[in-house]
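Q: Before we start, here is the structure in question, set down as structure tokens.
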Amino acid sequence: MNETNYTRVSEFVLLGLSSSKELQPFLFLIFSLLYLAILLGNFLIILTVTSDSRLHTPMYFLLANLSFIDICVSSFATPKMLADFLVERKTISFEACMAQIFCVHQFAGGEMVLLVSMAYDRYVAICKPLHYMTIMSRRVCIILVIIPWFVGFIHTMSQLAFTVNLPFCGPNQVDSFFCDLPLVTKLACTDTYVISLLIVADSGVLTMCTFVFLVVSYTVILITVRNRSSASMAKARSTLTAHITVVILFFGPCIFIYVWPFNGYSLDKVLAVFYTIFTPILNPLIYTLRNKDVKAAMSKLRSRYLKPGQVSSLIRNVLFPET
């Protein structure tokens, strides 16, 4: 199409999760509570790790960074989704749409690589325990956190390079609650078949490379654990179970979304909700319910800041202030 014959789209319309007006208040309440739980759960892990010196180890340092990324993953779209439940016309500007695309690939790509960093930490701890503190030095830990952000940035910039200059001149309805890249490129006023393949290939290469690396790493670790029967290996099995569960929960929806990105949009919505809402809320539960050290640190934190009678006293002072 001749560039002089179209007017550039200035905003997109997000169709959201449901078109039913009766469901909007109910969905707003449910997702508000879930988002609040995500923030509280992940901030609690960050606070627990930073405040307890016993948790100042590479594994918990990486766990705190995972909680921070989970907050980012849930926050790039959820506040907008909650606001859209309260309005009839759900629009988003072109610039904000591109910002959402940037954020989802930055944070998702970063979390993939951070899971690899966590797998490497567990590999060194279990397969090379005598050299663990030497290998996992402070410098290495910082590098293992910086690399995911760098890879995420390269990934998201390569995705935006395919999209930002596309001509959007007509249809502007995105059948999702955020600007999902495959759905947005489909609205361009040009043939996007090749671009769509490049987008899927870009995300697919990163996803499959990290997934294969994780599968190989945890296979080696599980074989090592199986060949050892000491008491420390029992704790390692519990830790590995949490790590592997998180990997499955993260990569399951991700692989489905990008292997079949142009079919079954309703299924993609469900998977997108699972990925942006339920995975960030499940991660704190998985790591805390099976980890005695974290539970002990949280108990210590609670006893320090919420002493017996302190909460009831605070509530009493708020409700019945002294005159």
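Here, A, B, ... name the chains of the structure tokens in the order displayed, residue numbers run from 1 inside each chain, and ligands are numbered from 1 in the same displayed order.
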Tell me, which residues of segment 142-194 of chain A carry DSSP helix (DSSP H, G or I), written as a list in words?

A: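 Residues meeting the helix (DSSP H, G or I) criterion: Ile142, Ile143, Leu144, Val145, Ile146, Ile147, Pro148, Trp149, Phe150, Val151, Gly152, Phe153, Ile154, His155, Thr156, Met157, Ser158, Gln159, Leu160, Ala161, Phe162, Thr163, Leu181, Pro182, Leu183, Val184, Thr185, Tyr193 and Val194 of chain A.
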
Q: Quick check for you: according to DSSP on this backbone, which residues of segment 87-309 of chain A are classed as strand (DSSP E)? Reply as a count of residues only.

A: 5

Q: Would you mind reading off the distance between atom CA of Ile154 of chain A and atom CA of Ala64 of chain A, one decimal, in Å?

A: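 About the pair atom CA of Ile154 of chain A and atom CA of Ala64 of chain A: they are 23.0 Å apart.
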
Q: May I ask which of the residues A:Gly170, A:His131, A:Ser196, A:Val113 is the closest one to His155 of chain A, counting only C-alpha atoms?

A: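 Using only C-alpha atoms, the shortest distance to His155 of chain A belongs to A:Val113.
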
Q: Write out as a list in words each polymer residue whose atoms come within 12 Å of Ala161 of chain A, counting only C-alpha atoms; drop sequence neighbours fewer than 3 positions from it.

A: Met98, Ile101, Phe102, Ile154, His155, Thr156, Met157, Ser158, Val164, Asn165, Leu166, Leu181, Thr185, Ile195, Leu198, Ile199 and Asp202 of chain A

Q: At a cut-off of 7 Å, using only C-alpha atoms, what residues contact Gly110 of chain A? Leave out same-chain residues fewer than 3 positions from it and give the result as JSON, numbers by chain.

A: {"A": [106, 107, 113, 114, 148, 149, 151, 152]}

Q: Using N, CA and C atoms, can you write the selected residues to a file as a CSV table (one decimal), in the first residue's frame?

A:
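The resulting file, result-v4.csv, is reproduced below:
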chain,number,residue,atom,x,y,z
A,106,GLN,N,10.9,-8.3,27.3
A,106,GLN,CA,12.1,-8.0,28.2
A,106,GLN,C,12.0,-8.9,29.5
A,107,PHE,N,10.8,-8.9,30.1
A,107,PHE,CA,10.7,-9.6,31.4
A,107,PHE,C,10.6,-11.1,31.2
A,113,VAL,N,16.1,-16.8,31.1
A,113,VAL,CA,17.5,-16.9,31.3
A,113,VAL,C,17.8,-16.9,32.8
A,114,LEU,N,17.1,-16.3,33.6
A,114,LEU,CA,17.3,-16.3,35.1
A,114,LEU,C,17.0,-17.7,35.6
A,148,PRO,N,20.5,-12.2,32.3
A,148,PRO,CA,19.1,-12.3,31.9
A,148,PRO,C,18.5,-11.0,31.5
A,149,TRP,N,18.9,-9.8,32.1
A,149,TRP,CA,18.4,-8.6,31.7
A,149,TRP,C,18.9,-8.2,30.4
A,151,VAL,N,20.1,-10.3,27.9
A,151,VAL,CA,19.5,-11.1,26.9
A,151,VAL,C,18.0,-10.7,26.7
A,152,GLY,N,17.3,-10.4,27.7
A,152,GLY,CA,15.9,-9.9,27.6
A,152,GLY,C,15.8,-8.7,26.7

Q: With distances taken over only C-alpha atoms, which residue among A:Cys72, A:Ile45, A:Ile30, A:Leu301 lies nearest Thr288 of chain A?

A: A:Ile45

Q: For Phe61 of chain A, which of A:Met118, A:Met298, A:Leu187, A:Ile92 is the closest residue, counting only C-alpha atoms?

A: A:Met118

Q: List the neighbours of segment 289-295 of chain A out to 12 Å using only C-alpha atoms; skip same-chain residues closer than 4 positions along the sequence, and give me the result as JSON, numbers by chain.

A: {"A": [44, 45, 46, 47, 48, 49, 50, 51, 52, 53, 54, 55, 56, 57, 59, 60, 63, 64, 235, 236, 237, 238, 239, 240, 241, 242, 243, 245, 282, 283, 284, 285, 299, 300, 301, 302]}

Q: Would you output that residue set with N, CA, C and O atoms, as a compact mmCIF listing (two decimals), in the first residue's frame?

A:
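Okay, this is what ended up in again_28.txt:
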# COMPACT_ATOMS: atom_id res chain seq x y z
N LEU A 44 7.31 -10.09 49.89
CA LEU A 44 7.64 -10.77 51.15
C LEU A 44 8.90 -11.62 50.99
O LEU A 44 9.75 -11.64 51.89
N ILE A 45 9.02 -12.31 49.86
CA ILE A 45 10.23 -13.10 49.62
C ILE A 45 11.45 -12.20 49.53
O ILE A 45 12.51 -12.49 50.12
N ILE A 46 11.33 -11.08 48.80
CA ILE A 46 12.46 -10.15 48.68
C ILE A 46 12.85 -9.60 50.04
O ILE A 46 14.04 -9.55 50.40
N LEU A 47 11.86 -9.21 50.84
CA LEU A 47 12.12 -8.67 52.18
C LEU A 47 12.74 -9.73 53.08
O LEU A 47 13.69 -9.44 53.84
N THR A 48 12.24 -10.96 52.99
CA THR A 48 12.76 -12.05 53.82
C THR A 48 14.22 -12.34 53.49
O THR A 48 15.05 -12.49 54.38
N VAL A 49 14.53 -12.42 52.21
CA VAL A 49 15.91 -12.74 51.79
C VAL A 49 16.87 -11.63 52.18
O VAL A 49 17.99 -11.89 52.64
N THR A 50 16.46 -10.39 52.01
CA THR A 50 17.36 -9.27 52.30
C THR A 50 17.54 -9.04 53.80
O THR A 50 18.58 -8.52 54.22
N SER A 51 16.54 -9.41 54.60
CA SER A 51 16.61 -9.11 56.03
C SER A 51 17.23 -10.21 56.88
O SER A 51 17.64 -9.95 58.01
N ASP A 52 17.32 -11.42 56.35
CA ASP A 52 17.87 -12.55 57.12
C ASP A 52 19.24 -12.92 56.58
O ASP A 52 19.38 -13.34 55.43
N SER A 53 20.26 -12.77 57.41
CA SER A 53 21.64 -13.04 56.97
C SER A 53 21.86 -14.50 56.60
O SER A 53 22.74 -14.80 55.80
N ARG A 54 21.04 -15.41 57.14
CA ARG A 54 21.20 -16.82 56.81
C ARG A 54 20.80 -17.12 55.37
O ARG A 54 21.18 -18.15 54.82
N LEU A 55 20.04 -16.21 54.78
CA LEU A 55 19.60 -16.39 53.40
C LEU A 55 20.45 -15.60 52.41
O LEU A 55 20.10 -15.51 51.23
N HIS A 56 21.55 -15.04 52.88
CA HIS A 56 22.44 -14.31 51.99
C HIS A 56 23.38 -15.29 51.28
O HIS A 56 24.59 -15.28 51.46
N THR A 57 22.77 -16.14 50.46
CA THR A 57 23.50 -17.14 49.68
C THR A 57 23.12 -16.98 48.22
O THR A 57 22.09 -16.35 47.90
N MET A 59 21.74 -18.99 46.05
CA MET A 59 20.43 -19.52 45.68
C MET A 59 19.32 -18.55 46.04
O MET A 59 18.43 -18.28 45.22
N TYR A 60 19.36 -17.98 47.24
CA TYR A 60 18.30 -17.07 47.67
C TYR A 60 18.45 -15.69 47.03
O TYR A 60 17.46 -14.97 46.85
N LEU A 63 16.72 -16.25 43.89
CA LEU A 63 15.29 -16.37 44.16
C LEU A 63 14.65 -14.99 44.35
O LEU A 63 13.55 -14.73 43.86
N ALA A 64 15.34 -14.10 45.06
CA ALA A 64 14.82 -12.75 45.25
C ALA A 64 14.71 -12.01 43.91
O ALA A 64 13.74 -11.28 43.68
N LYS A 235 17.51 -32.94 51.12
CA LYS A 235 17.18 -31.52 51.02
C LYS A 235 17.31 -31.03 49.58
O LYS A 235 16.52 -30.22 49.11
N ALA A 236 18.31 -31.56 48.86
CA ALA A 236 18.51 -31.17 47.46
C ALA A 236 17.31 -31.61 46.61
O ALA A 236 16.87 -30.88 45.72
N ARG A 237 16.76 -32.80 46.90
CA ARG A 237 15.59 -33.27 46.15
C ARG A 237 14.40 -32.33 46.34
O ARG A 237 13.67 -32.03 45.39
N SER A 238 14.21 -31.88 47.57
CA SER A 238 13.11 -30.97 47.85
C SER A 238 13.29 -29.65 47.10
O SER A 238 12.34 -29.11 46.52
N THR A 239 14.51 -29.13 47.11
CA THR A 239 14.80 -27.88 46.39
C THR A 239 14.61 -28.05 44.90
O THR A 239 14.03 -27.20 44.22
N LEU A 240 15.08 -29.20 44.36
CA LEU A 240 14.96 -29.46 42.93
C LEU A 240 13.51 -29.56 42.51
O LEU A 240 13.13 -29.12 41.42
N THR A 241 12.68 -30.16 43.35
CA THR A 241 11.26 -30.28 43.03
C THR A 241 10.64 -28.91 42.82
O THR A 241 9.87 -28.70 41.87
N ALA A 242 10.97 -27.97 43.69
CA ALA A 242 10.45 -26.61 43.56
C ALA A 242 10.95 -25.95 42.28
O ALA A 242 10.16 -25.34 41.53
N HIS A 243 12.23 -26.09 41.98
CA HIS A 243 12.81 -25.48 40.78
C HIS A 243 12.18 -26.05 39.52
O HIS A 243 11.81 -25.30 38.59
N THR A 245 9.29 -27.58 39.16
CA THR A 245 7.88 -27.19 39.08
C THR A 245 7.73 -25.79 38.50
O THR A 245 6.88 -25.55 37.63
N LEU A 282 2.09 -18.34 42.02
CA LEU A 282 2.44 -19.70 42.45
C LEU A 282 3.90 -19.81 42.85
O LEU A 282 4.24 -20.61 43.73
N ASN A 283 4.78 -19.04 42.21
CA ASN A 283 6.21 -19.14 42.51
C ASN A 283 6.53 -18.93 43.99
O ASN A 283 7.26 -19.73 44.59
N PRO A 284 6.00 -17.87 44.64
CA PRO A 284 6.28 -17.72 46.09
C PRO A 284 5.77 -18.90 46.90
O PRO A 284 6.43 -19.35 47.85
N LEU A 285 4.59 -19.43 46.54
CA LEU A 285 4.03 -20.56 47.28
C LEU A 285 4.91 -21.80 47.13
O LEU A 285 5.17 -22.52 48.09
N SER A 299 9.01 -16.61 59.64
CA SER A 299 8.51 -16.65 61.01
C SER A 299 9.27 -15.68 61.89
O SER A 299 8.68 -14.96 62.72
N LYS A 300 10.59 -15.62 61.70
CA LYS A 300 11.42 -14.69 62.45
C LYS A 300 11.07 -13.24 62.10
O LYS A 300 11.01 -12.37 62.97
N LEU A 301 10.80 -13.00 60.81
CA LEU A 301 10.43 -11.66 60.36
C LEU A 301 9.09 -11.25 60.94
O LEU A 301 8.90 -10.11 61.37
N ARG A 302 8.15 -12.20 61.00
CA ARG A 302 6.84 -11.91 61.56
C ARG A 302 6.92 -11.60 63.05
O ARG A 302 6.29 -10.67 63.54

Q: Would you please work out which residue, of A:Glu111, A:Glu95, A:Asp175, A:Asp70, is nearest to Ile281 of chain A when using only C-alpha atoms?

A: A:Asp70

Q: Which residue out of A:Ser117, A:Gln24, A:Thr224, A:Gln173 has the minimum interatomic distance to Thr91 of chain A when only C-alpha atoms are used?

A: A:Gln173

Q: Name the residues in contact with segment 210-213 of chain A at a cut-off of 7 Å, using only C-alpha atoms, excluding same-chain residues fewer than 2 positions from it; report them as a list in words.

A: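 Here the qualifying residues turn out to be Met112, Val113, Val116, Leu206, Thr207, Met208, Val215, Val216 and Ser217 of chain A.
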
Q: Restricting the output to N, CA and C atoms, write the selected residues as a PDB file, in the first residue's frame.

A:
ATOM      1  N   MET A 112      13.328 -16.351  31.593  1.00  0.00           N
ATOM      2  CA  MET A 112      13.822 -17.609  31.035  1.00  0.00           C
ATOM      3  C   MET A 112      15.295 -17.816  31.369  1.00  0.00           C
ATOM      4  N   VAL A 113      16.088 -16.786  31.115  1.00  0.00           N
ATOM      5  CA  VAL A 113      17.534 -16.906  31.331  1.00  0.00           C
ATOM      6  C   VAL A 113      17.846 -16.949  32.824  1.00  0.00           C
ATOM      7  N   VAL A 116      17.703 -20.343  33.989  1.00  0.00           N
ATOM      8  CA  VAL A 116      18.946 -21.046  33.631  1.00  0.00           C
ATOM      9  C   VAL A 116      20.027 -20.749  34.662  1.00  0.00           C
ATOM     10  N   LEU A 206      14.859 -18.645  21.520  1.00  0.00           N
ATOM     11  CA  LEU A 206      15.192 -18.349  22.913  1.00  0.00           C
ATOM     12  C   LEU A 206      14.509 -19.336  23.857  1.00  0.00           C
ATOM     13  N   THR A 207      13.237 -19.602  23.596  1.00  0.00           N
ATOM     14  CA  THR A 207      12.486 -20.513  24.468  1.00  0.00           C
ATOM     15  C   THR A 207      13.067 -21.920  24.438  1.00  0.00           C
ATOM     16  N   MET A 208      13.302 -22.449  23.235  1.00  0.00           N
ATOM     17  CA  MET A 208      13.767 -23.829  23.115  1.00  0.00           C
ATOM     18  C   MET A 208      15.199 -23.989  23.614  1.00  0.00           C
ATOM     19  N   VAL A 215      16.453 -28.690  30.760  1.00  0.00           N
ATOM     20  CA  VAL A 215      16.175 -30.125  30.807  1.00  0.00           C
ATOM     21  C   VAL A 215      17.464 -30.908  31.001  1.00  0.00           C
ATOM     22  N   VAL A 216      18.497 -30.556  30.238  1.00  0.00           N
ATOM     23  CA  VAL A 216      19.789 -31.249  30.354  1.00  0.00           C
ATOM     24  C   VAL A 216      20.384 -31.025  31.744  1.00  0.00           C
ATOM     25  N   SER A 217      20.339 -29.783  32.215  1.00  0.00           N
ATOM     26  CA  SER A 217      20.929 -29.465  33.526  1.00  0.00           C
ATOM     27  C   SER A 217      20.254 -30.248  34.641  1.00  0.00           C
TER      28      SER A 217
END

Q: When distances are computed from only C-alpha atoms, which of A:Asn42, A:Asn172, A:Ser67, A:Gln100 shows the smallest separation from Val9 of chain A?

A: A:Asn172
